[in-house]
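What follows is the content of upload.tsv (TSV, C-alpha atoms and all ligand atoms).
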chain	number	residue	atom	x	y	z
A	185	MET	CA	2.64	-17.02	11.36
A	186	LYS	CA	2.78	-15.92	15.01
A	187	THR	CA	0.58	-12.91	15.73
A	188	VAL	CA	-0.42	-10.93	18.83
A	189	LYS	CA	-3.39	-13.28	19.18
A	190	ASP	CA	-1.01	-16.14	20.06
A	191	VAL	CA	0.84	-14.32	22.86
A	192	ASP	CA	0.11	-13.70	26.54
A	193	PHE	CA	1.27	-10.11	27.15
A	194	ASN	CA	0.43	-10.04	30.86
A	195	THR	CA	2.56	-7.26	32.51
A	196	LYS	CA	4.77	-7.06	29.38
A	197	LYS	CA	5.92	-3.75	27.94
A	198	VAL	CA	5.44	-4.24	24.25
A	199	LEU	CA	7.27	-2.24	21.58
A	200	VAL	CA	4.86	-1.92	18.66
A	201	ARG	CA	6.15	-0.53	15.35
A	202	VAL	CA	3.12	1.18	13.82
A	203	ASP	CA	2.74	3.35	10.74
A	204	PHE	CA	1.32	6.65	11.97
A	205	ASN	CA	2.73	8.54	9.00
A	206	VAL	CA	-0.56	10.36	8.49
A	207	PRO	CA	-1.32	13.55	6.57
A	208	LEU	CA	-1.64	16.79	8.61
A	209	ASN	CA	-3.19	20.09	7.52
A	210	ASP	CA	-1.70	23.58	8.03
A	211	ASP	CA	-3.08	23.61	11.59
A	212	LEU	CA	-1.23	20.33	12.19
A	213	GLU	CA	-4.45	18.33	12.54
A	214	VAL	CA	-4.79	14.79	11.21
A	215	THR	CA	-6.78	14.85	7.96
A	216	ASP	CA	-6.91	11.09	7.32
A	217	ALA	CA	-6.64	8.75	10.32
A	218	THR	CA	-6.92	5.48	8.36
A	219	ARG	CA	-3.44	4.35	9.40
A	220	ILE	CA	-4.06	5.02	13.09
A	221	GLU	CA	-7.36	3.15	12.92
A	222	ALA	CA	-5.62	0.26	11.18
A	223	ALA	CA	-3.38	-0.28	14.24
A	224	ARG	CA	-6.29	-0.37	16.68
A	225	PRO	CA	-6.96	-4.15	16.71
A	226	THR	CA	-3.31	-4.93	17.55
A	227	ILE	CA	-3.05	-2.29	20.26
A	228	LEU	CA	-6.33	-3.24	21.94
A	229	ASN	CA	-5.36	-6.90	21.79
A	230	ILE	CA	-2.14	-6.21	23.72
A	231	LEU	CA	-3.91	-4.05	26.30
A	232	GLU	CA	-6.69	-6.60	26.82
A	233	SER	CA	-4.09	-9.32	27.36
A	234	GLY	CA	-2.61	-7.32	30.25
A	235	GLY	CA	0.29	-5.61	28.51
A	236	SER	CA	1.21	-2.01	27.84
A	237	CYS	CA	2.11	-0.54	24.42
A	238	ILE	CA	5.15	1.54	23.54
A	239	LEU	CA	4.39	2.84	20.07
A	240	LEU	CA	7.21	3.47	17.59
A	241	SER	CA	6.54	5.41	14.40
A	242	HIS	CA	7.88	7.92	11.95
A	243	LEU	CA	6.09	10.97	10.55
A	244	GLY	CA	7.19	12.56	7.29
A	245	ARG	CA	10.80	13.15	6.39
A	246	PRO	CA	12.29	15.53	8.95
A	247	LYS	CA	15.80	16.89	8.52
A	248	ASN	CA	16.34	18.85	11.76
A	249	ARG	CA	13.72	17.95	14.33
A	250	GLU	CA	11.22	20.39	12.78
A	251	ASP	CA	8.12	20.68	14.97
A	252	GLN	CA	5.78	20.03	12.05
A	253	PHE	CA	7.00	16.41	12.10
A	254	SER	CA	6.42	15.87	15.83
A	255	LEU	CA	4.18	12.90	16.62
A	256	ARG	CA	2.72	15.02	19.42
A	257	HIS	CA	0.33	16.39	16.77
A	258	ILE	CA	-1.45	13.06	16.45
A	259	LEU	CA	-1.91	12.43	20.21
A	260	ASN	CA	-5.51	13.66	20.38
A	261	LYS	CA	-6.57	11.63	17.38
A	262	ALA	CA	-4.86	8.49	18.71
A	263	THR	CA	-6.46	8.95	22.14
A	264	GLU	CA	-9.87	9.30	20.50
A	265	ILE	CA	-9.39	6.18	18.37
A	266	PHE	CA	-7.96	3.90	21.08
A	267	GLY	CA	-10.27	5.14	23.85
A	268	VAL	CA	-7.29	5.36	26.22
A	269	GLN	CA	-5.30	8.52	27.03
A	270	VAL	CA	-2.12	8.11	24.97
A	271	LYS	CA	1.00	9.30	26.82
A	272	PHE	CA	3.91	10.90	25.01
A	273	ALA	CA	7.70	10.88	25.38
A	274	GLU	CA	9.64	13.81	23.91
A	275	ASP	CA	12.27	11.47	22.50
A	276	CYS	CA	12.35	7.91	21.20
A	277	ILE	CA	15.58	6.90	22.96
A	278	GLY	CA	17.55	8.08	26.01
A	279	GLY	CA	16.42	9.52	29.35
A	280	ALA	CA	13.02	10.92	28.37
A	281	ALA	CA	11.96	7.66	26.73
A	282	GLU	CA	13.36	5.50	29.53
A	283	GLU	CA	11.60	7.47	32.25
A	284	ALA	CA	8.25	7.41	30.45
A	285	VAL	CA	8.60	3.65	29.92
A	286	SER	CA	9.44	3.00	33.57
A	287	ASN	CA	6.23	4.79	34.60
A	288	LEU	CA	4.11	2.80	32.14
A	289	LYS	CA	1.53	0.45	33.66
A	290	PRO	CA	-0.46	-2.43	32.14
A	291	GLY	CA	-3.35	-1.11	30.05
A	292	GLU	CA	-1.49	2.10	29.15
A	293	ILE	CA	-0.20	3.39	25.82
A	294	LEU	CA	2.95	5.46	25.34
A	295	LEU	CA	3.83	7.07	22.02
A	296	LEU	CA	7.50	7.87	21.46
A	297	GLU	CA	8.63	10.88	19.43
A	298	ASN	CA	9.36	10.57	15.69
A	299	LEU	CA	11.99	7.90	15.02
A	300	ARG	CA	13.21	9.79	11.97
A	301	TYR	CA	14.47	12.65	14.13
A	302	TYR	CA	17.47	10.28	14.12
A	303	LYS	CA	19.07	9.52	10.75
A	304	GLU	CA	20.13	6.21	12.30
A	305	GLU	CA	16.53	5.00	11.87
A	306	THR	CA	16.57	4.95	8.06
A	307	GLU	CA	20.22	3.88	8.03
A	308	GLY	CA	19.20	0.72	9.86
A	309	ASP	CA	21.80	1.50	12.55
A	310	ARG	CA	22.34	-1.41	14.93
A	311	ASP	CA	23.22	0.66	18.00
A	312	PHE	CA	20.11	2.80	17.56
A	313	ALA	CA	17.99	-0.35	17.18
A	314	LYS	CA	19.57	-1.70	20.37
A	315	LYS	CA	18.64	1.47	22.28
A	316	LEU	CA	15.05	1.14	21.12
A	317	ALA	CA	15.00	-2.57	21.94
A	318	LYS	CA	16.15	-1.87	25.51
A	319	LEU	CA	12.84	-0.11	26.17
A	320	GLY	CA	10.57	-3.15	25.86
A	321	ASP	CA	10.16	-6.86	26.67
A	322	TYR	CA	8.55	-7.82	23.39
A	323	TYR	CA	8.55	-6.58	19.76
A	324	VAL	CA	5.53	-6.46	17.49
A	325	ASN	CA	5.65	-5.21	13.90
A	326	ASP	CA	2.35	-3.84	12.61
A	327	ALA	CA	3.72	-1.24	10.20
A	328	PHE	CA	2.89	-2.60	6.77
A	329	GLY	CA	3.55	0.76	5.10
A	330	THR	CA	7.26	0.53	5.98
A	331	ALA	CA	7.70	-3.25	5.93
A	332	HIS	CA	9.67	-2.96	2.67
A	333	ARG	CA	12.34	-0.89	4.41
A	334	ALA	CA	15.26	-2.40	6.35
A	335	HIS	CA	15.18	0.38	8.92
A	336	ALA	CA	16.27	0.16	12.57
A	337	SER	CA	12.72	-0.04	13.97
A	338	THR	CA	11.18	-2.13	11.17
A	339	ALA	CA	13.76	-4.90	10.77
A	340	VAL	CA	17.08	-4.55	12.66
A	341	ILE	CA	15.42	-4.29	16.08
A	342	ALA	CA	13.90	-7.77	15.69
A	343	ASP	CA	17.40	-9.29	16.14
A	344	PHE	CA	17.27	-8.28	19.80
A	345	PHE	CA	14.10	-10.30	20.34
A	346	PRO	CA	15.01	-13.77	19.02
A	347	LYS	CA	11.91	-15.33	20.61
A	348	ASN	CA	9.84	-12.39	21.82
A	349	LYS	CA	8.57	-11.04	18.52
A	350	CYS	CA	5.50	-11.45	16.36
A	351	PHE	CA	3.29	-9.90	13.70
A	352	GLY	CA	0.62	-7.35	14.46
A	353	MET	CA	-2.84	-8.03	13.08
A	354	LEU	CA	-2.64	-5.51	10.25
A	355	LEU	CA	0.67	-6.83	8.93
A	356	ALA	CA	-0.57	-10.42	9.22
A	357	SER	CA	-3.77	-9.51	7.43
A	358	GLU	CA	-1.91	-7.91	4.50
A	359	ILE	CA	0.21	-11.05	4.10
A	360	ILE	CA	-2.80	-13.39	4.28
A	361	HIS	CA	-4.73	-11.38	1.68
A	362	VAL	CA	-1.87	-11.26	-0.81
A	363	GLU	CA	-1.40	-15.00	-0.42
A	364	LYS	CA	-5.09	-15.46	-1.10
A	365	VAL	CA	-4.38	-14.09	-4.58
A	366	LEU	CA	-0.83	-15.19	-5.35
A	367	LYS	CA	-0.76	-18.60	-3.65
A	368	ASP	CA	-4.31	-19.83	-3.22
A	369	GLY	CA	-6.23	-17.80	-5.81
A	370	GLN	CA	-9.34	-19.65	-6.94
A	371	PRO	CA	-9.47	-19.62	-10.78
A	372	PRO	CA	-10.18	-17.79	-12.93
A	373	VAL	CA	-7.71	-15.31	-11.46
A	374	THR	CA	-7.68	-11.86	-13.09
A	375	ALA	CA	-5.12	-9.12	-12.55
A	376	ILE	CA	-5.89	-5.59	-13.62
A	377	ILE	CA	-2.72	-3.57	-13.99
A	378	GLY	CA	-3.16	0.09	-14.82
A	379	GLY	CA	-1.53	3.37	-13.97
A	380	ALA	CA	0.89	5.55	-15.79
A	381	LYS	CA	3.98	3.56	-16.65
A	382	VAL	CA	4.92	0.04	-17.73
A	383	SER	CA	8.36	0.50	-16.18
A	384	SER	CA	7.00	0.67	-12.62
A	385	LYS	CA	4.93	-2.51	-13.06
A	386	ILE	CA	7.13	-4.85	-15.14
A	387	THR	CA	8.33	-6.88	-12.17
A	388	VAL	CA	4.77	-7.19	-10.84
A	389	ILE	CA	3.47	-8.46	-14.19
A	390	GLU	CA	6.35	-10.90	-14.59
A	391	ASN	CA	5.82	-12.27	-11.09
A	392	ILE	CA	2.06	-12.75	-11.39
A	393	LEU	CA	1.96	-14.29	-14.90
A	394	ASP	CA	2.32	-17.79	-13.45
A	395	LYS	CA	-0.57	-17.24	-11.08
A	396	ILE	CA	-3.27	-15.68	-13.26
A	397	ASP	CA	-5.63	-16.60	-16.08
A	398	HIS	CA	-6.44	-13.09	-17.34
A	399	LEU	CA	-4.34	-9.94	-17.48
A	400	ILE	CA	-6.13	-6.65	-18.07
A	401	VAL	CA	-3.72	-3.86	-18.99
A	402	GLY	CA	-5.18	-0.36	-18.78
A	403	GLY	CA	-4.27	3.27	-18.19
A	404	GLY	CA	-1.31	5.07	-19.69
A	405	MET	CA	0.82	1.94	-19.73
A	406	ALA	CA	-1.48	0.23	-22.24
A	407	PHE	CA	-0.24	2.53	-25.02
A	408	THR	CA	3.28	1.13	-24.90
A	409	PHE	CA	1.75	-2.31	-25.57
A	410	ILE	CA	-0.53	-0.97	-28.31
A	411	LYS	CA	2.28	0.90	-30.07
A	412	ALA	CA	4.61	-2.10	-29.79
A	413	THR	CA	2.03	-4.21	-31.64
A	414	GLY	CA	1.72	-1.69	-34.49
A	415	GLY	CA	-1.08	0.59	-33.26
A	416	HIS	CA	-1.25	4.36	-33.77
A	417	ILE	CA	-1.52	6.00	-30.37
A	418	GLY	CA	-1.43	9.69	-31.33
A	419	SER	CA	0.16	11.72	-28.56
A	420	SER	CA	-0.68	9.27	-25.76
A	421	LEU	CA	1.76	8.46	-23.00
A	422	VAL	CA	4.38	5.98	-24.21
A	423	GLU	CA	7.69	4.58	-23.03
A	424	GLU	CA	9.49	4.08	-26.33
A	425	ASP	CA	12.28	2.05	-24.75
A	426	LYS	CA	9.84	-0.37	-23.11
A	427	GLN	CA	8.22	-1.61	-26.30
A	428	ASP	CA	10.41	-4.73	-26.40
A	429	THR	CA	9.52	-5.39	-22.78
A	430	ALA	CA	5.84	-5.12	-23.66
A	431	LEU	CA	6.25	-7.59	-26.54
A	432	ASP	CA	8.16	-9.92	-24.26
A	433	ILE	CA	5.35	-9.80	-21.67
A	434	LEU	CA	2.78	-10.58	-24.39
A	435	ALA	CA	4.87	-13.56	-25.61
A	436	LYS	CA	5.33	-14.91	-22.08
A	437	ALA	CA	1.61	-14.52	-21.38
A	438	LYS	CA	0.80	-16.55	-24.50
A	439	GLU	CA	3.27	-19.24	-23.46
A	440	LYS	CA	1.61	-19.45	-20.05
A	441	ASN	CA	-1.92	-19.42	-21.46
A	442	VAL	CA	-2.76	-16.07	-19.87
A	443	GLN	CA	-5.32	-14.10	-21.86
A	444	VAL	CA	-4.27	-10.46	-22.18
A	445	HIS	CA	-6.96	-7.79	-22.56
A	446	LEU	CA	-5.93	-4.36	-23.84
A	447	PRO	CA	-8.25	-1.37	-24.40
A	448	VAL	CA	-10.02	-1.49	-27.78
A	449	ASP	CA	-11.31	2.09	-27.60
A	450	VAL	CA	-10.39	5.18	-25.61
A	451	ILE	CA	-11.66	8.58	-24.59
A	452	ALA	CA	-9.06	10.86	-26.10
A	453	GLY	CA	-8.46	14.49	-25.17
A	454	ASP	CA	-6.72	17.21	-27.17
A	455	SER	CA	-4.72	18.13	-24.06
A	456	PHE	CA	-3.90	16.65	-20.65
A	457	SER	CA	-6.52	18.77	-18.94
A	458	GLU	CA	-9.94	18.75	-17.33
A	459	PHE	CA	-10.92	21.31	-20.02
A	460	ALA	CA	-9.79	19.22	-22.98
A	461	ASN	CA	-12.10	18.55	-25.92
A	462	THR	CA	-12.81	14.82	-26.06
A	463	THR	CA	-13.60	12.17	-28.64
A	464	THR	CA	-13.97	8.38	-28.58
A	465	GLU	CA	-11.44	6.63	-30.80
A	466	PRO	CA	-10.18	3.09	-31.50
A	467	ALA	CA	-7.28	2.49	-29.10
A	468	ASP	CA	-4.97	1.58	-32.00
A	469	ASN	CA	-5.96	4.49	-34.24
A	470	ILE	CA	-5.80	7.69	-32.19
A	471	PRO	CA	-5.34	10.85	-34.31
A	472	GLU	CA	-2.08	12.81	-34.00
A	473	GLY	CA	-2.29	15.50	-31.32
A	474	TRP	CA	-4.83	13.53	-29.25
A	475	LEU	CA	-4.06	11.59	-26.06
A	476	GLY	CA	-5.86	8.50	-24.80
A	477	LEU	CA	-6.83	9.47	-21.25
A	478	ASP	CA	-9.53	6.96	-20.34
A	479	SER	CA	-10.85	3.60	-21.51
A	480	GLY	CA	-13.79	3.82	-23.90
A	481	PRO	CA	-17.30	2.27	-23.61
A	482	ARG	CA	-16.54	-0.92	-25.56
A	483	THR	CA	-13.42	-1.50	-23.47
A	484	ASN	CA	-15.32	-0.95	-20.25
A	485	GLU	CA	-17.85	-3.57	-21.29
A	486	GLN	CA	-15.18	-6.06	-22.27
A	487	PHE	CA	-13.24	-5.56	-19.03
A	488	ALA	CA	-16.48	-5.94	-17.04
A	489	THR	CA	-17.25	-9.23	-18.82
A	490	VAL	CA	-13.85	-10.67	-17.88
A	491	ILE	CA	-14.23	-9.47	-14.29
A	492	ALA	CA	-17.75	-10.91	-13.97
A	493	LYS	CA	-16.47	-14.43	-14.61
A	494	SER	CA	-13.43	-14.12	-12.33
A	495	LYS	CA	-13.27	-15.75	-8.91
A	496	THR	CA	-10.13	-13.93	-7.77
A	497	ILE	CA	-9.32	-10.33	-8.71
A	498	LEU	CA	-6.27	-8.19	-8.14
A	499	TRP	CA	-6.53	-4.49	-8.99
A	500	ASN	CA	-3.44	-2.33	-9.17
A	501	GLY	CA	-3.63	1.03	-10.90
A	502	PRO	CA	-6.43	3.06	-12.55
A	503	VAL	CA	-7.41	2.65	-16.21
A	504	GLY	CA	-7.61	6.38	-16.87
A	505	VAL	CA	-6.76	9.78	-15.45
A	506	PHE	CA	-9.47	9.34	-12.80
A	507	GLU	CA	-8.39	12.50	-10.96
A	508	MET	CA	-10.11	14.45	-13.77
A	509	GLU	CA	-13.87	13.94	-13.89
A	510	LYS	CA	-13.88	13.79	-17.69
A	511	PHE	CA	-11.57	10.79	-17.66
A	512	ALA	CA	-12.82	8.95	-14.56
A	513	GLU	CA	-15.61	6.89	-16.12
A	514	GLY	CA	-13.45	3.88	-17.05
A	515	THR	CA	-12.02	3.57	-13.54
A	516	ILE	CA	-15.48	4.00	-11.98
A	517	LYS	CA	-16.97	1.31	-14.27
A	518	LEU	CA	-14.06	-1.00	-13.52
A	519	GLY	CA	-14.50	-0.47	-9.77
A	520	ASP	CA	-18.23	-1.15	-10.09
A	521	ALA	CA	-17.56	-4.37	-12.01
A	522	ILE	CA	-15.15	-5.53	-9.28
A	523	ALA	CA	-17.70	-4.63	-6.57
A	524	LYS	CA	-20.38	-6.62	-8.41
A	525	ALA	CA	-18.13	-9.66	-8.83
A	526	THR	CA	-17.26	-9.44	-5.12
A	527	ALA	CA	-20.96	-9.35	-4.20
A	528	ASN	CA	-21.31	-12.51	-6.29
A	529	GLY	CA	-18.63	-14.32	-4.30
A	530	ALA	CA	-15.31	-13.39	-5.90
A	531	PHE	CA	-12.33	-12.39	-3.75
A	532	SER	CA	-10.96	-8.95	-4.66
A	533	LEU	CA	-7.76	-7.29	-3.50
A	534	VAL	CA	-6.99	-3.65	-4.28
A	535	GLY	CA	-3.49	-2.48	-3.63
A	536	GLY	CA	-0.14	-1.06	-4.60
A	537	GLY	CA	-0.68	2.21	-6.39
A	538	ASP	CA	-3.32	4.76	-7.13
A	539	SER	CA	-6.22	2.32	-7.35
A	540	VAL	CA	-6.48	2.59	-3.54
A	541	ALA	CA	-7.10	6.34	-3.93
A	542	ALA	CA	-9.66	5.60	-6.66
A	543	VAL	CA	-11.48	3.07	-4.47
A	544	LYS	CA	-11.70	5.64	-1.68
A	545	GLN	CA	-12.74	8.47	-4.00
A	546	PHE	CA	-15.55	6.39	-5.48
A	547	SER	CA	-16.68	4.93	-2.10
A	548	LEU	CA	-15.93	1.35	-3.05
A	549	SER	CA	-13.82	0.39	0.00
A	550	ASP	CA	-16.63	-1.63	1.59
A	551	LYS	CA	-17.55	-3.32	-1.67
A	552	VAL	CA	-14.23	-5.04	-2.34
A	553	SER	CA	-12.77	-7.83	-0.20
A	554	TYR	CA	-9.58	-6.08	0.90
A	555	VAL	CA	-7.92	-2.71	0.38
A	556	SER	CA	-4.21	-2.71	1.15
A	557	THR	CA	-2.85	0.04	3.41
A	558	GLY	CA	0.68	0.14	1.97
A	559	GLY	CA	1.40	1.33	-1.58
A	560	GLY	CA	5.10	0.62	-1.94
A	561	ALA	CA	5.08	-2.38	0.39
A	562	MET	CA	2.18	-4.01	-1.47
A	563	LEU	CA	3.87	-3.38	-4.81
A	564	GLU	CA	6.99	-5.17	-3.58
A	565	MET	CA	4.93	-8.10	-2.27
A	566	LEU	CA	3.28	-8.39	-5.68
A	567	GLU	CA	6.77	-8.33	-7.21
A	568	GLY	CA	7.44	-11.50	-5.21
A	569	LYS	CA	10.02	-9.89	-2.92
A	570	THR	CA	10.38	-10.87	0.71
A	571	LEU	CA	9.99	-7.67	2.70
A	572	PRO	CA	12.70	-7.05	5.35
A	573	GLY	CA	10.09	-6.19	8.01
A	574	ILE	CA	8.34	-9.52	7.45
A	575	GLN	CA	11.52	-11.58	7.15
A	576	ALA	CA	12.86	-10.15	10.44
A	577	ILE	CA	9.88	-11.59	12.33
A	578	LEU	CA	10.11	-14.95	10.56
A	579	ASP	CA	13.89	-15.37	11.18
A	601	LIG	P1	0.10	4.33	-10.57
A	601	LIG	O1	0.62	5.11	-9.38
A	601	LIG	O2	1.14	3.57	-11.29
A	601	LIG	O3	-1.08	3.47	-10.16
A	601	LIG	O4	-0.38	5.42	-11.64
A	601	LIG	C1	-1.49	6.20	-11.42
A	601	LIG	C2	-1.55	7.37	-12.34
A	601	LIG	O5	-1.69	6.97	-13.68
A	601	LIG	C3	-2.74	8.24	-12.02
A	601	LIG	O6	-2.31	9.47	-11.52
A	601	LIG	C4	-3.45	8.40	-13.37
A	601	LIG	O7	-3.86	9.72	-13.63
A	601	LIG	C5	-2.39	7.99	-14.35
A	601	LIG	N1	-2.97	7.53	-15.63
A	601	LIG	C6	-3.93	6.60	-15.80
A	601	LIG	N2	-4.25	6.50	-17.10
A	601	LIG	C7	-3.50	7.38	-17.78
A	601	LIG	C8	-3.38	7.74	-19.14
A	601	LIG	N3	-4.14	7.17	-20.08
A	601	LIG	N4	-2.49	8.69	-19.48
A	601	LIG	C9	-1.73	9.29	-18.53
A	601	LIG	N5	-1.78	8.98	-17.23
A	601	LIG	C10	-2.66	8.04	-16.85
Let's see the structure in the file written out as structure tokens.
Amino acid sequence: MKTVKDVDFNTKKVLVRVDFNVPLNDDLEVTDATRIEAARPTILNILESGGSCILLSHLGRPKNREDQFSLRHILNKATEIFGVQVKFAEDCIGGAAEEAVSNLKPGEILLLENLRYYKEETEGDRDFAKKLAKLGDYYVNDAFGTAHRAHASTAVIADFFPKNKCFGMLLASEIIHVEKVLKDGQPPVTAIIGGAKVSSKITVIENILDKIDHLIVGGGMAFTFIKATGGHIGSSLVEEDKQDTALDILAKAKEKNVQVHLPVDVIAGDSFSEFANTTTEPADNIPEGWLGLDSGPRTNEQFATVIAKSKTILWNGPVGVFEMEKFAEGTIKLGDAIAKATANGAFSLVGGGDSVAAVKQFSLSDKVSYVSTGGGAMLEMLEGKTLPGIQAILD
């Protein structure tokens, strides 16, 4: 895998696709700069090797060049993070971009205006990609968050750089860490799949069954499994039409010698609310009118025991409605168990879904081995798909 570390960028003008799709507040200030920080190693590497950076990104989903989606709003934050005054071009193609690029010197950074001001970006338009390509000598993709999209700047553009293209350090790092679980995972390998729905995770589960020893199923999706095997789940979340799929997954897991762990008890609420009355019930015998909203104490212990003996851990999706304090305990205990196993030498990857938010909320980011930066992209990697943004660099 060729990365920026393998290239001499001396005097080169390098087009770097980054993911600066960051949240802004009402005053149009950046409220979470994680994605800008994540691009720092790649950008500094190019500058230190004598090149200049032309940054390509999108921000939000503009329809008509609305100012609120202008990348100008992130200039100050980017300048602060990179320690170099970031220049700005009012457009990503055409005269304004070309002039700014021609003035760019080694060691400098230029940010181009929002790519999605052109619908051609998401359409993967070849002519648009060609216009972008014309601006630089080299193409680097470091935008993991959009690597699952075949857009002009994430995939099509790479065609114009048959030799002069490589991975940025963030993108490379995401690939290496997923492979550490899916290809080279040291056994026992445990996957924890939680979240709301079975339907959004079926392909992930099917793809990982060959690679894991334990499958922990938690969160709302567990109730489809529990109901399918004859349990009474009260008014808990269920996908009636996915019960056969759940049974099929259980049968395949047995065939492949994967031990499946479902919740044995739950914290149930009498409404989906922070103000609900709560009770602890067996997961397969929840009274009518009550909803299982978090894993119960016995479940938390059992999940922690499995995690403690795992050498490789993948965590995707919370095991309860962690956004509500009353139903956050299971997810907190699970995160703590993963942190403890990591401290004892296990490799842990958190990614693809709301577990990343949970890890941040409960300050566990530094206590797990790797937290993925791309929700949808990570989910597709776990599904075993080859992402267009990655394939375009490999071709
Ligand atoms: P995902 O994006 O698939 O990781 O799903 C995350 C969402 O699942 C979070 O917003 C949780 O609140 C929700 N969730 C977790 N457990 C439950 C549950 N028992 N019932 C309903 N929703 C849940």
List the residues sitting within 12 Å of (-0.5, -14.7, 2.6) in the file's frame, using all atoms listed in the file, as a ChimeraX atom specification. /A:185,355-369,562,565-566,568,570,574
At what distance in Å, to one decimal, does atom CA of A:Ala317 lie from atom CA of A:Pro346?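 Atom CA of A:Ala317 lies at a distance of 11.6 Å from atom CA of A:Pro346.
Summary of the local environment: counting only C-alpha atoms, residues at most 10 Å from A:Phe266, other than itself and those fewer than 5 positions away along its chain, are Ile220, Glu221, Ala223, Arg224, Pro225, Ile227, Leu228, Lys261 and Ile293 of chain A.
Between atom CA of A:Asp425 and atom CA of A:Arg333 the separation is 29.3 Å.
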List as a Markdown table every residue of chain A that is in contact with ligand LIG 601 (chain A), defined as an atom at most 10 Å from one of its atoms (using all atoms listed in the file), together with the nearest atom pair and the distance in Å rounded to one decimal, sorted by chain and then rising number.
| residue | atom | partner | partner_atom | distance |
| --- | --- | --- | --- | --- |
| A:Ile377 | CA | A:LIG601 | O3 | 8.2 |
| A:Gly378 | CA | A:LIG601 | O3 | 6.1 |
| A:Gly379 | CA | A:LIG601 | O4 | 3.3 |
| A:Ala380 | CA | A:LIG601 | O5 | 3.6 |
| A:Lys381 | CA | A:LIG601 | O2 | 6.1 |
| A:Val382 | CA | A:LIG601 | O2 | 8.3 |
| A:Ser383 | CA | A:LIG601 | O2 | 9.2 |
| A:Ser384 | CA | A:LIG601 | O2 | 6.7 |
| A:Lys385 | CA | A:LIG601 | O2 | 7.4 |
| A:Gly402 | CA | A:LIG601 | N2 | 7.1 |
| A:Gly403 | CA | A:LIG601 | N2 | 3.4 |
| A:Gly404 | CA | A:LIG601 | C8 | 3.4 |
| A:Met405 | CA | A:LIG601 | C8 | 7.2 |
| A:Ala406 | CA | A:LIG601 | N3 | 7.7 |
| A:Phe407 | CA | A:LIG601 | N3 | 7.8 |
| A:Ser419 | CA | A:LIG601 | N4 | 9.9 |
| A:Ser420 | CA | A:LIG601 | N4 | 6.6 |
| A:Leu421 | CA | A:LIG601 | N4 | 5.5 |
| A:Val422 | CA | A:LIG601 | N4 | 8.8 |
| A:Val450 | CA | A:LIG601 | N3 | 8.6 |
| A:Ile451 | CA | A:LIG601 | N3 | 8.9 |
| A:Ala452 | CA | A:LIG601 | N3 | 8.6 |
| A:Gly453 | CA | A:LIG601 | N3 | 9.9 |
| A:Phe456 | CA | A:LIG601 | C9 | 8.0 |
| A:Leu475 | CA | A:LIG601 | N4 | 7.4 |
| A:Gly476 | CA | A:LIG601 | N3 | 5.2 |
| A:Leu477 | CA | A:LIG601 | N3 | 3.7 |
| A:Asp478 | CA | A:LIG601 | N3 | 5.4 |
| A:Ser479 | CA | A:LIG601 | N3 | 7.7 |
| A:Trp499 | CA | A:LIG601 | O3 | 9.7 |
| A:Asn500 | CA | A:LIG601 | O3 | 6.3 |
| A:Gly501 | CA | A:LIG601 | O3 | 3.6 |
| A:Pro502 | CA | A:LIG601 | C6 | 5.4 |
| A:Val503 | CA | A:LIG601 | N2 | 5.1 |
| A:Gly504 | CA | A:LIG601 | N2 | 3.4 |
| A:Val505 | CA | A:LIG601 | O7 | 3.4 |
| A:Phe506 | CA | A:LIG601 | O7 | 5.7 |
| A:Glu507 | CA | A:LIG601 | O7 | 5.9 |
| A:Met508 | CA | A:LIG601 | O7 | 7.8 |
| A:Phe511 | CA | A:LIG601 | N2 | 8.5 |
| A:Ala512 | CA | A:LIG601 | O7 | 9.0 |
| A:Gly514 | CA | A:LIG601 | N2 | 9.6 |
| A:Thr515 | CA | A:LIG601 | C6 | 8.9 |
| A:Gly535 | CA | A:LIG601 | O3 | 9.2 |
| A:Gly536 | CA | A:LIG601 | O3 | 7.2 |
| A:Gly537 | CA | A:LIG601 | O3 | 4.0 |
| A:Asp538 | CA | A:LIG601 | O3 | 4.0 |
| A:Ser539 | CA | A:LIG601 | O3 | 6.0 |
| A:Val540 | CA | A:LIG601 | O3 | 8.6 |
| A:Ala541 | CA | A:LIG601 | O3 | 9.1 |
| A:Ala542 | CA | A:LIG601 | C3 | 9.1 |
| A:Gly559 | CA | A:LIG601 | O1 | 8.7 |
| A:Gly560 | CA | A:LIG601 | O1 | 9.8 |
| A:Leu563 | CA | A:LIG601 | O2 | 9.9 |
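Using all atoms listed in the file, the contacts of stretch 189-193 of chain A at a cut-off of 6 Å, with sequence neighbours closer than 2 positions omitted, comprise Thr187, Lys196, Ser233, Gly234 and Gly235 of chain A.
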Selected residues, C-alpha atoms, written as a PDB file, keeping the file's coordinate frame, please.
ATOM      1  CA  THR A 187       0.580 -12.910  15.730  1.00  0.00           C
ATOM      2  CA  LYS A 196       4.770  -7.060  29.380  1.00  0.00           C
ATOM      3  CA  SER A 233      -4.090  -9.320  27.360  1.00  0.00           C
ATOM      4  CA  GLY A 234      -2.610  -7.320  30.250  1.00  0.00           C
ATOM      5  CA  GLY A 235       0.290  -5.610  28.510  1.00  0.00           C
TER       6      GLY A 235
END
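In this comparison, which uses only C-alpha atoms, the residue of A:Glu423, A:Asp432, A:Asp454, A:Asp520 approaching A:Ile389 most closely is A:Asp432.
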All residues 10 Å or closer to stretch 213-219 of chain A, only C-alpha atoms, same chain fewer than 6 positions away omitted, as a PyMOL selection string: chain A and resi 202-207+257-262+265+327-329+354+557-558
What does the structure give for the distance between atom CA of A:Leu208 and atom CA of A:Asn248, in Å to one decimal?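 If I compute the distance from atom CA of A:Leu208 to atom CA of A:Asn248, I get 18.4 Å.
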